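Q: My file is work.cif. It has mmCIF, C-alpha atoms and all ligand atoms:
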```cif
data_structure
#
loop_
_atom_site.label_atom_id
_atom_site.label_comp_id
_atom_site.auth_asym_id
_atom_site.auth_seq_id
_atom_site.Cartn_x
_atom_site.Cartn_y
_atom_site.Cartn_z
CA MET A 13 -110.94 -36.52 1.62
CA ARG A 14 -112.74 -35.85 -1.59
CA PRO A 15 -113.78 -39.10 -3.32
CA THR A 16 -112.58 -39.80 -6.85
CA SER A 17 -114.50 -41.86 -9.35
CA THR A 18 -113.31 -45.41 -9.76
CA THR A 19 -115.70 -46.28 -12.57
CA SER A 20 -115.00 -45.89 -16.28
CA ALA A 21 -116.42 -43.11 -18.46
CA ASP A 22 -117.91 -45.88 -20.52
CA GLU A 23 -119.88 -47.08 -17.50
CA ARG A 24 -120.92 -43.62 -16.37
CA THR A 25 -122.01 -42.08 -19.66
CA GLY A 26 -125.55 -41.91 -20.99
CA ALA A 27 -124.50 -42.02 -24.61
CA VAL A 28 -121.39 -42.67 -26.68
CA LEU A 29 -120.36 -40.62 -29.70
CA THR A 30 -117.82 -42.36 -31.89
CA VAL A 31 -115.83 -40.25 -34.35
CA ASP A 32 -113.98 -42.12 -37.07
CA LEU A 33 -110.89 -40.03 -37.80
CA ALA A 34 -109.80 -42.46 -40.49
CA ALA A 35 -113.07 -41.69 -42.25
CA VAL A 36 -112.41 -37.93 -41.97
CA ALA A 37 -108.98 -38.44 -43.55
CA GLU A 38 -110.45 -40.65 -46.26
CA ASN A 39 -113.15 -38.06 -47.00
CA TRP A 40 -110.42 -35.45 -47.42
CA ARG A 41 -108.65 -37.75 -49.91
CA ILE A 42 -111.92 -38.29 -51.80
CA LEU A 43 -112.33 -34.51 -52.14
CA LYS A 44 -108.68 -34.15 -53.13
CA ARG A 45 -109.19 -36.63 -55.96
CA LYS A 46 -112.27 -34.67 -57.00
CA ALA A 47 -110.39 -31.35 -57.08
CA ALA A 48 -108.98 -29.96 -60.32
CA PRO A 49 -105.20 -30.03 -60.75
CA GLY A 50 -103.70 -27.00 -59.02
CA CYS A 51 -106.50 -26.81 -56.48
CA GLU A 52 -105.33 -27.27 -52.92
CA VAL A 53 -108.01 -28.84 -50.73
CA GLY A 54 -108.04 -27.38 -47.23
CA GLY A 55 -110.16 -28.34 -44.27
CA VAL A 56 -112.82 -26.18 -42.62
CA VAL A 57 -112.68 -26.94 -38.89
CA LYS A 58 -114.67 -24.00 -37.51
CA ALA A 59 -117.25 -24.54 -34.76
CA ASP A 60 -115.21 -27.34 -33.16
CA ALA A 61 -114.97 -29.08 -36.54
CA TYR A 62 -118.75 -28.94 -36.90
CA GLY A 63 -119.21 -30.30 -33.39
CA VAL A 64 -117.03 -33.33 -34.05
CA GLY A 65 -113.88 -32.09 -32.25
CA MET A 66 -111.47 -29.57 -33.78
CA VAL A 67 -108.14 -30.78 -32.44
CA PRO A 68 -108.42 -34.52 -33.17
CA VAL A 69 -109.97 -33.80 -36.57
CA ALA A 70 -107.34 -31.24 -37.57
CA LYS A 71 -104.50 -33.54 -36.48
CA ALA A 72 -105.96 -36.38 -38.53
CA LEU A 73 -106.25 -34.09 -41.55
CA GLN A 74 -102.71 -32.84 -41.04
CA ASP A 75 -101.44 -36.43 -40.93
CA ALA A 76 -103.29 -37.10 -44.16
CA GLY A 77 -101.44 -34.21 -45.81
CA CYS A 78 -103.83 -31.28 -45.42
CA GLY A 79 -101.82 -28.07 -45.16
CA THR A 80 -104.47 -25.34 -45.05
CA PHE A 81 -107.15 -24.97 -42.38
CA PHE A 82 -110.07 -22.58 -42.16
CA VAL A 83 -111.72 -21.43 -38.94
CA ALA A 84 -114.27 -18.68 -38.32
CA HIS A 85 -113.02 -17.06 -35.10
CA LEU A 86 -109.65 -15.79 -33.91
CA ASP A 87 -109.86 -17.95 -30.77
CA GLU A 88 -110.36 -21.01 -32.93
CA GLY A 89 -107.25 -20.05 -34.89
CA ILE A 90 -105.17 -19.57 -31.74
CA ALA A 91 -106.24 -22.97 -30.40
CA LEU A 92 -105.55 -24.60 -33.74
CA ARG A 93 -102.07 -23.09 -34.00
CA ALA A 94 -101.26 -24.50 -30.55
CA ALA A 95 -102.49 -27.93 -31.62
CA LEU A 96 -100.88 -28.15 -35.06
CA GLY A 97 -97.60 -26.32 -34.64
CA GLU A 98 -96.05 -23.86 -37.07
CA ALA A 99 -96.33 -25.72 -40.37
CA PRO A 100 -99.93 -25.38 -41.57
CA ARG A 101 -101.56 -22.34 -43.05
CA ILE A 102 -104.49 -21.23 -40.85
CA VAL A 103 -107.09 -18.87 -42.26
CA VAL A 104 -109.49 -17.00 -39.96
CA MET A 105 -112.57 -16.31 -42.04
CA HIS A 106 -114.13 -13.61 -39.88
CA GLY A 107 -110.90 -11.62 -39.99
CA PRO A 108 -109.74 -9.34 -37.18
CA ASN A 109 -112.16 -7.67 -34.81
CA LYS A 110 -110.99 -4.14 -34.14
CA GLY A 111 -107.72 -4.18 -32.21
CA THR A 112 -106.98 -7.90 -32.60
CA GLU A 113 -104.63 -7.56 -35.57
CA ARG A 114 -101.56 -8.21 -33.42
CA ASP A 115 -102.82 -11.67 -32.47
CA PHE A 116 -103.06 -12.54 -36.15
CA ALA A 117 -99.40 -11.65 -36.53
CA ALA A 118 -98.33 -13.31 -33.28
CA PHE A 119 -99.98 -16.64 -34.15
CA ARG A 120 -99.38 -16.36 -37.91
CA LEU A 121 -103.07 -16.52 -38.74
CA LEU A 122 -104.13 -15.34 -42.18
CA PRO A 123 -106.97 -12.85 -41.91
CA VAL A 124 -109.83 -12.80 -44.36
CA LEU A 125 -110.56 -9.10 -44.91
CA SER A 126 -114.19 -8.47 -45.81
CA THR A 127 -114.88 -4.77 -45.19
CA PRO A 128 -113.09 -1.53 -46.11
CA GLY A 129 -112.62 -0.94 -42.36
CA GLN A 130 -110.90 -4.28 -41.83
CA ILE A 131 -108.66 -3.62 -44.82
CA GLU A 132 -107.75 -0.16 -43.54
CA ARG A 133 -107.00 -1.39 -40.02
CA TRP A 134 -104.93 -4.30 -41.29
CA ARG A 135 -102.93 -2.00 -43.56
CA THR A 136 -102.29 0.48 -40.73
CA PHE A 137 -101.28 -2.32 -38.40
CA ALA A 138 -98.94 -3.91 -40.96
CA GLU A 139 -97.31 -0.59 -41.90
CA THR A 140 -96.91 0.60 -38.31
CA ASN A 141 -95.31 -2.65 -37.23
CA ASP A 142 -93.44 -3.33 -40.45
CA ILE A 143 -95.17 -6.66 -40.88
CA LEU A 144 -95.38 -8.37 -44.27
CA MET A 145 -98.11 -10.92 -43.91
CA GLU A 146 -100.44 -12.53 -46.39
CA SER A 147 -104.18 -12.06 -46.18
CA LEU A 148 -107.26 -13.04 -48.15
CA VAL A 149 -109.73 -10.50 -49.52
CA GLN A 150 -113.35 -11.58 -49.53
CA ILE A 151 -115.87 -10.21 -51.99
CA ASP A 152 -119.59 -10.77 -52.09
CA THR A 153 -120.74 -12.28 -55.38
CA GLY A 154 -124.45 -12.38 -54.67
CA MET A 155 -125.06 -14.00 -51.30
CA ASN A 156 -125.15 -10.68 -49.41
CA ARG A 157 -123.62 -12.12 -46.28
CA LEU A 158 -119.93 -11.29 -45.83
CA GLY A 159 -117.43 -9.68 -48.16
CA LEU A 160 -116.83 -6.41 -49.99
CA THR A 161 -119.83 -5.31 -52.02
CA GLN A 162 -119.26 -4.92 -55.73
CA ARG A 163 -119.24 -1.14 -55.27
CA GLU A 164 -116.70 -1.28 -52.42
CA PHE A 165 -114.50 -3.60 -54.44
CA GLU A 166 -114.62 -1.37 -57.53
CA LYS A 167 -113.88 1.70 -55.44
CA LEU A 168 -110.80 0.09 -53.91
CA MET A 169 -109.68 -1.17 -57.32
CA GLY A 170 -110.09 2.27 -58.87
CA ASP A 171 -108.15 3.99 -56.10
CA PRO A 172 -104.35 3.81 -56.58
CA ALA A 173 -104.07 3.59 -52.77
CA GLY A 174 -106.79 0.93 -52.52
CA PHE A 175 -105.47 -2.39 -51.22
CA LEU A 176 -102.06 -0.73 -50.89
CA GLY A 177 -99.84 -2.43 -48.34
CA LEU A 178 -101.67 -5.75 -48.62
CA TYR A 179 -100.15 -9.05 -49.70
CA PRO A 180 -103.23 -10.94 -50.79
CA LEU A 181 -102.72 -14.66 -51.13
CA ALA A 182 -106.16 -15.02 -52.65
CA LEU A 183 -109.45 -13.41 -53.50
CA MET A 184 -112.25 -15.33 -51.86
CA SER A 185 -116.03 -15.61 -52.20
CA HIS A 186 -118.73 -18.02 -51.07
CA LEU A 187 -121.49 -19.80 -52.97
CA ALA A 188 -125.10 -19.48 -51.79
CA CYS A 189 -126.64 -22.46 -53.64
CA ALA A 190 -123.79 -24.89 -54.28
CA ASP A 191 -125.89 -27.83 -53.04
CA GLU A 192 -128.38 -27.15 -55.86
CA PRO A 193 -126.35 -27.72 -59.05
CA GLN A 194 -129.19 -26.49 -61.27
CA HIS A 195 -129.59 -23.21 -59.42
CA PRO A 196 -128.82 -20.24 -61.71
CA MET A 197 -127.04 -18.42 -58.87
CA ASN A 198 -124.07 -20.77 -59.14
CA ARG A 199 -123.14 -19.63 -62.62
CA GLN A 200 -123.95 -15.99 -61.86
CA GLN A 201 -121.64 -16.05 -58.84
CA LEU A 202 -118.95 -17.85 -60.85
CA LEU A 203 -119.01 -15.20 -63.57
CA LYS A 204 -118.82 -12.38 -61.02
CA PHE A 205 -115.97 -14.08 -59.22
CA ARG A 206 -114.08 -14.80 -62.44
CA SER A 207 -114.30 -11.19 -63.55
CA ALA A 208 -113.40 -9.80 -60.11
CA LEU A 209 -110.36 -12.07 -59.88
CA GLU A 210 -109.21 -10.91 -63.31
CA THR A 211 -109.56 -7.28 -62.21
CA PHE A 212 -107.84 -7.99 -58.89
CA ARG A 213 -104.87 -9.49 -60.75
CA GLY A 214 -104.38 -6.08 -62.34
CA LYS A 215 -102.96 -5.07 -58.96
CA PHE A 216 -101.86 -8.47 -57.68
CA PRO A 217 -100.84 -10.68 -60.61
CA ASP A 218 -100.14 -13.68 -58.37
CA ALA A 219 -103.40 -13.57 -56.43
CA LYS A 220 -105.10 -16.95 -56.26
CA GLY A 221 -108.79 -17.76 -55.90
CA SER A 222 -110.78 -19.49 -53.15
CA PHE A 223 -114.39 -20.18 -54.04
CA ALA A 224 -115.66 -23.73 -53.48
CA ASN A 225 -117.07 -25.25 -50.31
CA SER A 226 -117.92 -28.99 -50.12
CA SER A 227 -120.76 -28.86 -52.61
CA GLY A 228 -118.84 -26.39 -54.79
CA LEU A 229 -116.27 -29.11 -55.47
CA PHE A 230 -119.06 -31.10 -57.14
CA LEU A 231 -120.13 -28.30 -59.48
CA GLY A 232 -117.26 -28.81 -61.90
CA PRO A 233 -113.58 -27.86 -62.09
CA GLU A 234 -114.23 -24.24 -63.12
CA TYR A 235 -115.52 -23.69 -59.58
CA HIS A 236 -112.42 -25.04 -57.84
CA TYR A 237 -109.77 -22.31 -58.21
CA HIS A 238 -106.73 -22.68 -55.91
CA PHE A 239 -107.96 -23.18 -52.37
CA ALA A 240 -111.09 -25.24 -51.81
CA ARG A 241 -112.80 -24.90 -48.43
CA PRO A 242 -114.78 -28.08 -47.75
CA GLY A 243 -116.31 -28.52 -44.31
CA VAL A 244 -119.41 -30.63 -43.96
CA ALA A 245 -118.38 -33.32 -46.48
CA LEU A 246 -115.30 -34.11 -44.36
CA TYR A 247 -117.72 -35.08 -41.60
CA GLY A 248 -119.65 -37.48 -43.80
CA ALA A 249 -122.65 -35.37 -44.80
CA ASN A 250 -123.82 -35.58 -48.38
CA PRO A 251 -122.55 -32.65 -50.51
CA VAL A 252 -124.78 -33.71 -53.41
CA PRO A 253 -128.31 -33.96 -51.96
CA GLY A 254 -130.58 -36.23 -53.96
CA GLN A 255 -127.65 -38.29 -55.25
CA PRO A 256 -125.83 -41.16 -53.52
CA ASN A 257 -123.49 -39.83 -50.84
CA PRO A 258 -119.88 -40.01 -52.07
CA MET A 259 -118.57 -39.48 -48.52
CA ILE A 260 -117.89 -42.01 -45.75
CA PRO A 261 -119.86 -41.76 -42.48
CA VAL A 262 -117.83 -40.28 -39.62
CA VAL A 263 -120.05 -40.20 -36.53
CA ARG A 264 -121.92 -42.92 -34.69
CA LEU A 265 -124.16 -42.15 -31.74
CA LYS A 266 -125.61 -44.68 -29.32
CA ALA A 267 -127.62 -43.86 -26.21
CA LYS A 268 -128.28 -46.18 -23.27
CA ILE A 269 -131.70 -47.47 -22.31
CA LEU A 270 -132.58 -46.44 -18.74
CA GLN A 271 -135.85 -48.29 -18.37
CA VAL A 272 -138.19 -50.54 -20.32
CA ARG A 273 -141.90 -50.75 -19.53
CA ARG A 274 -144.99 -52.33 -20.97
CA VAL A 275 -148.18 -50.28 -20.81
CA ASP A 276 -151.16 -52.37 -19.71
CA ALA A 277 -153.76 -50.06 -21.22
CA ALA A 278 -153.46 -47.21 -23.71
CA ALA A 279 -151.58 -44.42 -21.92
CA PRO A 280 -150.03 -41.01 -22.61
CA VAL A 281 -146.26 -40.60 -22.94
CA GLY A 282 -144.05 -37.71 -21.83
CA TYR A 283 -144.53 -33.97 -21.38
CA GLY A 284 -147.79 -32.56 -22.63
CA ALA A 285 -149.15 -36.11 -23.03
CA SER A 286 -148.68 -35.49 -26.76
CA SER A 287 -148.81 -39.13 -27.75
CA MET A 288 -150.82 -42.19 -26.66
CA ALA A 289 -149.05 -45.53 -26.40
CA PRO A 290 -151.43 -48.26 -27.50
CA ASP A 291 -152.49 -51.07 -25.19
CA GLY A 292 -149.61 -53.52 -24.72
CA ALA A 293 -146.93 -51.26 -26.22
CA LYS A 294 -143.37 -51.68 -24.98
CA LEU A 295 -141.53 -48.42 -24.28
CA ALA A 296 -137.86 -47.70 -23.67
CA THR A 297 -136.73 -44.54 -21.90
CA VAL A 298 -133.34 -43.56 -23.26
CA SER A 299 -130.58 -41.35 -21.86
CA ILE A 300 -130.50 -38.66 -24.54
CA GLY A 301 -132.45 -35.44 -24.92
CA TYR A 302 -132.42 -32.03 -26.46
CA ALA A 303 -129.65 -30.91 -24.08
CA ASP A 304 -127.52 -33.47 -25.93
CA GLY A 305 -128.48 -32.11 -29.33
CA LEU A 306 -131.32 -34.55 -30.02
CA ARG A 307 -133.55 -31.91 -31.45
CA ARG A 308 -136.96 -31.40 -29.89
CA ALA A 309 -138.43 -31.19 -33.39
CA LEU A 310 -137.94 -34.99 -33.49
CA SER A 311 -140.75 -35.38 -30.93
CA ASN A 312 -143.23 -37.95 -32.30
CA ARG A 313 -141.33 -37.85 -35.63
CA GLY A 314 -137.82 -39.24 -35.41
CA HIS A 315 -136.61 -42.73 -34.80
CA GLY A 316 -133.57 -44.75 -33.81
CA PHE A 317 -132.51 -48.35 -34.30
CA ILE A 318 -131.94 -51.28 -31.98
CA ASP A 319 -130.07 -54.16 -33.62
CA GLY A 320 -131.33 -52.94 -36.99
CA ILE A 321 -134.96 -52.62 -35.88
CA ARG A 322 -136.51 -49.19 -36.35
CA VAL A 323 -137.82 -47.71 -33.08
CA PRO A 324 -139.96 -44.56 -33.34
CA ILE A 325 -139.69 -41.69 -30.87
CA MET A 326 -142.90 -41.55 -28.85
CA GLY A 327 -143.98 -38.31 -27.20
CA ARG A 328 -141.81 -35.24 -26.72
CA VAL A 329 -138.05 -35.29 -26.55
CA SER A 330 -137.21 -33.99 -23.07
CA MET A 331 -133.98 -32.40 -21.87
CA ASP A 332 -132.19 -35.59 -20.83
CA MET A 333 -134.51 -38.38 -21.93
CA THR A 334 -136.47 -39.63 -24.89
CA VAL A 335 -138.99 -42.47 -25.06
CA PHE A 336 -138.91 -44.92 -27.97
CA ASP A 337 -141.55 -47.45 -28.96
CA VAL A 338 -139.67 -50.74 -28.79
CA SER A 339 -142.69 -53.02 -29.21
CA ASP A 340 -141.01 -54.74 -32.20
CA VAL A 341 -137.72 -55.39 -30.42
CA PRO A 342 -137.12 -58.83 -28.85
CA GLU A 343 -136.45 -58.90 -25.12
CA SER A 344 -132.94 -60.23 -25.77
CA SER A 345 -131.98 -56.88 -27.35
CA LEU A 346 -133.25 -54.84 -24.39
CA GLY A 347 -131.14 -56.23 -21.57
CA PRO A 348 -128.77 -54.25 -19.33
CA GLY A 349 -126.41 -52.05 -21.35
CA ALA A 350 -128.69 -52.06 -24.40
CA THR A 351 -128.49 -48.95 -26.58
CA VAL A 352 -130.47 -47.15 -29.25
CA GLU A 353 -128.47 -46.06 -32.30
CA LEU A 354 -129.33 -42.51 -33.40
CA LEU A 355 -126.54 -42.08 -35.94
CA GLY A 356 -124.66 -44.80 -37.72
CA THR A 357 -125.04 -47.32 -40.49
CA GLU A 358 -128.84 -47.33 -40.24
CA GLN A 359 -129.34 -43.57 -40.02
CA SER A 360 -127.03 -40.93 -41.46
CA VAL A 361 -126.71 -37.33 -40.29
CA ASP A 362 -128.65 -36.36 -43.41
CA ASP A 363 -131.45 -38.82 -42.51
CA LEU A 364 -131.73 -37.49 -38.97
CA ALA A 365 -131.65 -33.91 -40.25
CA THR A 366 -134.52 -34.64 -42.63
CA SER A 367 -136.60 -36.15 -39.79
CA ALA A 368 -135.91 -33.06 -37.68
CA GLY A 369 -136.71 -30.65 -40.50
CA THR A 370 -133.18 -29.25 -40.52
CA ILE A 371 -129.81 -29.74 -42.24
CA SER A 372 -126.87 -32.01 -41.50
CA TYR A 373 -124.80 -28.96 -40.45
CA GLU A 374 -127.16 -28.24 -37.58
CA ILE A 375 -127.29 -31.88 -36.45
CA LEU A 376 -123.49 -32.04 -36.36
CA THR A 377 -122.89 -28.69 -34.66
CA SER A 378 -125.52 -29.59 -32.03
CA LEU A 379 -123.74 -32.80 -30.97
CA GLY A 380 -123.77 -32.76 -27.19
CA HIS A 381 -120.97 -32.26 -24.72
CA ARG A 382 -122.18 -34.92 -22.29
CA TYR A 383 -121.49 -37.78 -24.68
CA MET A 384 -118.52 -39.93 -23.98
CA ARG A 385 -116.46 -39.30 -27.09
CA GLN A 386 -114.44 -42.03 -28.71
CA TYR A 387 -111.99 -41.18 -31.47
CA LEU A 388 -111.01 -44.03 -33.75
CA GLY A 389 -107.45 -43.55 -35.01
CA ALA A 390 -106.53 -42.26 -38.41
CA ARG A 391 -105.50 -44.80 -40.98
CA PRO A 392 -101.95 -44.39 -42.24
CA SER A 393 -101.83 -42.68 -45.63
CA ALA A 394 -101.81 -44.98 -48.61
CA PRO A 395 -98.30 -45.29 -50.05
CA GLY A 396 -97.78 -43.23 -53.15
CA PRO A 397 -96.32 -39.96 -54.40
CA LYS A 398 -96.39 -37.23 -51.77
CA ALA A 399 -98.63 -34.27 -52.50
C1 LIG A 401 -118.51 -22.81 -43.42
C2 LIG A 401 -117.87 -22.29 -44.63
C3 LIG A 401 -117.30 -23.16 -45.57
C4 LIG A 401 -117.49 -24.67 -45.51
O1 LIG A 401 -118.73 -24.97 -46.11
P1 LIG A 401 -119.29 -26.47 -46.27
O2 LIG A 401 -120.58 -26.29 -46.95
O3 LIG A 401 -119.42 -27.00 -44.89
O4 LIG A 401 -118.30 -27.23 -47.07
C5 LIG A 401 -116.58 -22.62 -46.61
N1 LIG A 401 -116.46 -21.28 -46.74
C6 LIG A 401 -117.02 -20.41 -45.88
C7 LIG A 401 -116.87 -18.95 -46.10
C8 LIG A 401 -117.78 -20.88 -44.82
O5 LIG A 401 -118.37 -20.02 -43.98
#
```
Turn the structure described in the file into structure tokens.
Ligand SMILES: *Cc1c(COP(=O)(O)O)cnc(C)c1O

A:
Amino acid sequence: MRPTSTTSADERTGAVLTVDLAAVAENWRILKRKAAPGCEVGGVVKADAYGVGMVPVAKALQDAGCGTFFVAHLDEGIALRAALGEAPRIVVMHGPNKGTERDFAAFRLLPVLSTPGQIERWRTFAETNDILMESLVQIDTGMNRLGLTQREFEKLMGDPAGFLGLYPLALMSHLACADEPQHPMNRQQLLKFRSALETFRGKFPDAKGSFANSSGLFLGPEYHYHFARPGVALYGANPVPGQPNPMIPVVRLKAKILQVRRVDAAAPVGYGASSMAPDGAKLATVSIGYADGLRRALSNRGHGFIDGIRVPIMGRVSMDMTVFDVSDVPESSLGPGATVELLGTEQSVDDLATSAGTISYEILTSLGHRYMRQYLGARPSAPGPKA
């Protein structure tokens, strides 16, 4: 007979990731209050809700009143439709890969159409199958990443058959520098978008606009349009770098100490012997490594916290383990079951990102799959008028 585990996940795990769904919902409400009247705030839950967990996050947002969700891939959209049921609007930002149009119709996923080819294929599909379905048309306003170029857009606008057969819910574009309010690109992109939307309404008078990501919501109401697409701010990262974070922290990460040692004489630590522990130093080997998303760039640079005491990473982060200098931590805080906090009240995702020389987005989307994940329930919505 095959044995089954009789221990708890809590006992077995090396590290615990706690996701506060009430905080996600509250962050959505904060953004909703920030949004201009007439702007519907959606939720971007692509990439497994930035590593935090797409299904629990999307359900919490849905309970809070969010009715529009954005994902990047078709498969994400299919999974989200299964989780949320028929009610919400789900937008797939990469649009259909060739031949996948019928899945968009079958699962009622709104495609974002970003190339003349995608537009042509969607039109052919819709006409052939007699399907009237909304879509979004994406234009590039200066980022040069995804969306019709200005020339492609003008060509389609100038052609009586251009965009024919489409039912565009909105024209969409994406900001390149929204987290830098003083950057001149913001206004340049806004002016291009404003003018393109005006032109677009020549063909589709009811077309709405979708322009702002998290940081875009903090650039002023003229950036908001009708469908805002915040992602990272929902997960607690700061959409206004350099200013106090208006969002509530969502993730907490604690890793278990495997071993504590005192070095009798100065001695090297970890792979490559890249760091020397001084004589008498106390070291803790902790069950978290780069395979869990603790970035190797934090070697000899990052730190965690034990009971509020800062503990520097010593030596290289390895795949499953990292050594911390715990010389300042009293023995009473290092007993069995003791943990090092990597993310939480002492250290935000933005703090850890800065130590690692990266951005909060990368810290979040790197969150490991070996963590035991705990989801704290969503708070019931505050009583008040329904949105
Ligand atoms: C990822 C993404 C967003 C969300 O951006 P945040 O900066 O995380 O708020 C919005 N729009 C598009 C097109 C995206 O790719």

Q: With 12 Å as the cut-off and all atoms listed in the file counted, what is the closest atom pair between each nearby residue of stretch 243-317 of chain A and stretch 375-387 of chain A? Distances in Å to one decimal, ordered by chain and number, as JSON lines.

A:
```
{"residue": "A:Gly243", "atom": "CA", "partner": "A:Leu376", "partner_atom": "CA", "distance": 11.3}
{"residue": "A:Val244", "atom": "CA", "partner": "A:Leu376", "partner_atom": "CA", "distance": 8.7}
{"residue": "A:Ala245", "atom": "CA", "partner": "A:Leu376", "partner_atom": "CA", "distance": 11.4}
{"residue": "A:Leu246", "atom": "CA", "partner": "A:Leu376", "partner_atom": "CA", "distance": 11.6}
{"residue": "A:Tyr247", "atom": "CA", "partner": "A:Leu376", "partner_atom": "CA", "distance": 8.4}
{"residue": "A:Gly248", "atom": "CA", "partner": "A:Leu376", "partner_atom": "CA", "distance": 10.0}
{"residue": "A:Ala249", "atom": "CA", "partner": "A:Leu376", "partner_atom": "CA", "distance": 9.1}
{"residue": "A:Val262", "atom": "CA", "partner": "A:Tyr387", "partner_atom": "CA", "distance": 10.1}
{"residue": "A:Val263", "atom": "CA", "partner": "A:Leu376", "partner_atom": "CA", "distance": 8.9}
{"residue": "A:Arg264", "atom": "CA", "partner": "A:Gln386", "partner_atom": "CA", "distance": 9.6}
{"residue": "A:Leu265", "atom": "CA", "partner": "A:Tyr383", "partner_atom": "CA", "distance": 8.7}
{"residue": "A:Lys266", "atom": "CA", "partner": "A:Tyr383", "partner_atom": "CA", "distance": 9.3}
{"residue": "A:Ala267", "atom": "CA", "partner": "A:Tyr383", "partner_atom": "CA", "distance": 8.8}
{"residue": "A:Lys268", "atom": "CA", "partner": "A:Tyr383", "partner_atom": "CA", "distance": 10.9}
{"residue": "A:Ser299", "atom": "CA", "partner": "A:Tyr383", "partner_atom": "CA", "distance": 10.2}
{"residue": "A:Ile300", "atom": "CA", "partner": "A:Tyr383", "partner_atom": "CA", "distance": 9.1}
{"residue": "A:Gly301", "atom": "CA", "partner": "A:Gly380", "partner_atom": "CA", "distance": 9.4}
{"residue": "A:Tyr302", "atom": "CA", "partner": "A:Gly380", "partner_atom": "CA", "distance": 8.7}
{"residue": "A:Ala303", "atom": "CA", "partner": "A:Gly380", "partner_atom": "CA", "distance": 6.9}
{"residue": "A:Asp304", "atom": "CA", "partner": "A:Gly380", "partner_atom": "CA", "distance": 4.0}
{"residue": "A:Gly305", "atom": "CA", "partner": "A:Ser378", "partner_atom": "CA", "distance": 4.7}
{"residue": "A:Leu306", "atom": "CA", "partner": "A:Leu379", "partner_atom": "CA", "distance": 7.8}
{"residue": "A:Arg307", "atom": "CA", "partner": "A:Ile375", "partner_atom": "CA", "distance": 8.0}
{"residue": "A:Arg308", "atom": "CA", "partner": "A:Ile375", "partner_atom": "CA", "distance": 11.7}
{"residue": "A:Ala309", "atom": "CA", "partner": "A:Ile375", "partner_atom": "CA", "distance": 11.6}
{"residue": "A:Leu310", "atom": "CA", "partner": "A:Ile375", "partner_atom": "CA", "distance": 11.5}
```

Q: For the residues selected in the previous step, produce a file with C-alpha atoms as a PDB file, in the frame of the given file.

A:
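Result file is out.pdb:
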```pdb
ATOM      1  CA  GLY A 243    -116.310 -28.520 -44.310  1.00  0.00           C
ATOM      2  CA  VAL A 244    -119.410 -30.630 -43.960  1.00  0.00           C
ATOM      3  CA  ALA A 245    -118.380 -33.320 -46.480  1.00  0.00           C
ATOM      4  CA  LEU A 246    -115.300 -34.110 -44.360  1.00  0.00           C
ATOM      5  CA  TYR A 247    -117.720 -35.080 -41.600  1.00  0.00           C
ATOM      6  CA  GLY A 248    -119.650 -37.480 -43.800  1.00  0.00           C
ATOM      7  CA  ALA A 249    -122.650 -35.370 -44.800  1.00  0.00           C
ATOM      8  CA  VAL A 262    -117.830 -40.280 -39.620  1.00  0.00           C
ATOM      9  CA  VAL A 263    -120.050 -40.200 -36.530  1.00  0.00           C
ATOM     10  CA  ARG A 264    -121.920 -42.920 -34.690  1.00  0.00           C
ATOM     11  CA  LEU A 265    -124.160 -42.150 -31.740  1.00  0.00           C
ATOM     12  CA  LYS A 266    -125.610 -44.680 -29.320  1.00  0.00           C
ATOM     13  CA  ALA A 267    -127.620 -43.860 -26.210  1.00  0.00           C
ATOM     14  CA  LYS A 268    -128.280 -46.180 -23.270  1.00  0.00           C
ATOM     15  CA  SER A 299    -130.580 -41.350 -21.860  1.00  0.00           C
ATOM     16  CA  ILE A 300    -130.500 -38.660 -24.540  1.00  0.00           C
ATOM     17  CA  GLY A 301    -132.450 -35.440 -24.920  1.00  0.00           C
ATOM     18  CA  TYR A 302    -132.420 -32.030 -26.460  1.00  0.00           C
ATOM     19  CA  ALA A 303    -129.650 -30.910 -24.080  1.00  0.00           C
ATOM     20  CA  ASP A 304    -127.520 -33.470 -25.930  1.00  0.00           C
ATOM     21  CA  GLY A 305    -128.480 -32.110 -29.330  1.00  0.00           C
ATOM     22  CA  LEU A 306    -131.320 -34.550 -30.020  1.00  0.00           C
ATOM     23  CA  ARG A 307    -133.550 -31.910 -31.450  1.00  0.00           C
ATOM     24  CA  ARG A 308    -136.960 -31.400 -29.890  1.00  0.00           C
ATOM     25  CA  ALA A 309    -138.430 -31.190 -33.390  1.00  0.00           C
ATOM     26  CA  LEU A 310    -137.940 -34.990 -33.490  1.00  0.00           C
TER      27      LEU A 310
END
```

Q: Return as a VMD selection string every polymer residue, whether protein, DNA or RNA, with at least one atom no more than 9 Å from an atom of ligand LIG 401 (chain A); count only C-alpha atoms and all ligand atoms.

A: chain A and resid 55 to 59 62 82 to 84 105 to 106 150 158 184 to 187 190 to 191 222 to 229 240 to 247 249 251 373

Q: Looking at all atoms listed in the file, which of A:Gly349, A:Gly369, A:Pro128, A:Pro290 is the one that sits closest to A:Gln162?

A: A:Pro128

Q: From the list A:Ala118, A:Cys78, A:Val53, A:Val69, which residue is nearest A:Ala95 when using all atoms listed in the file?

A: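 Nearest candidate to A:Ala95 out of A:Ala118, A:Cys78, A:Val53, A:Val69: A:Val69.
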
Q: Could you tell me how far atom CA of A:Thr127 lies from atom CA of A:Leu160, in Å and to one decimal?

A: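 Taking atom CA of A:Thr127 as the start and atom CA of A:Leu160 as the end point, the length is 5.4 Å.
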
Q: If I put a ball of radius 8 Å at (-108.9, -36.2, -43.0) in the file's coordinates, which residues poke into it when counting only C-alpha atoms, written as a list in words?

A: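 Returned residue set, sorted by chain then number, is Leu33, Ala34, Ala35, Val36, Ala37, Glu38, Asn39, Trp40, Arg41, Val69, Ala70, Ala72, Leu73, Gln74, Asp75, Ala76, Cys78, Leu246 and Ala390 of chain A.
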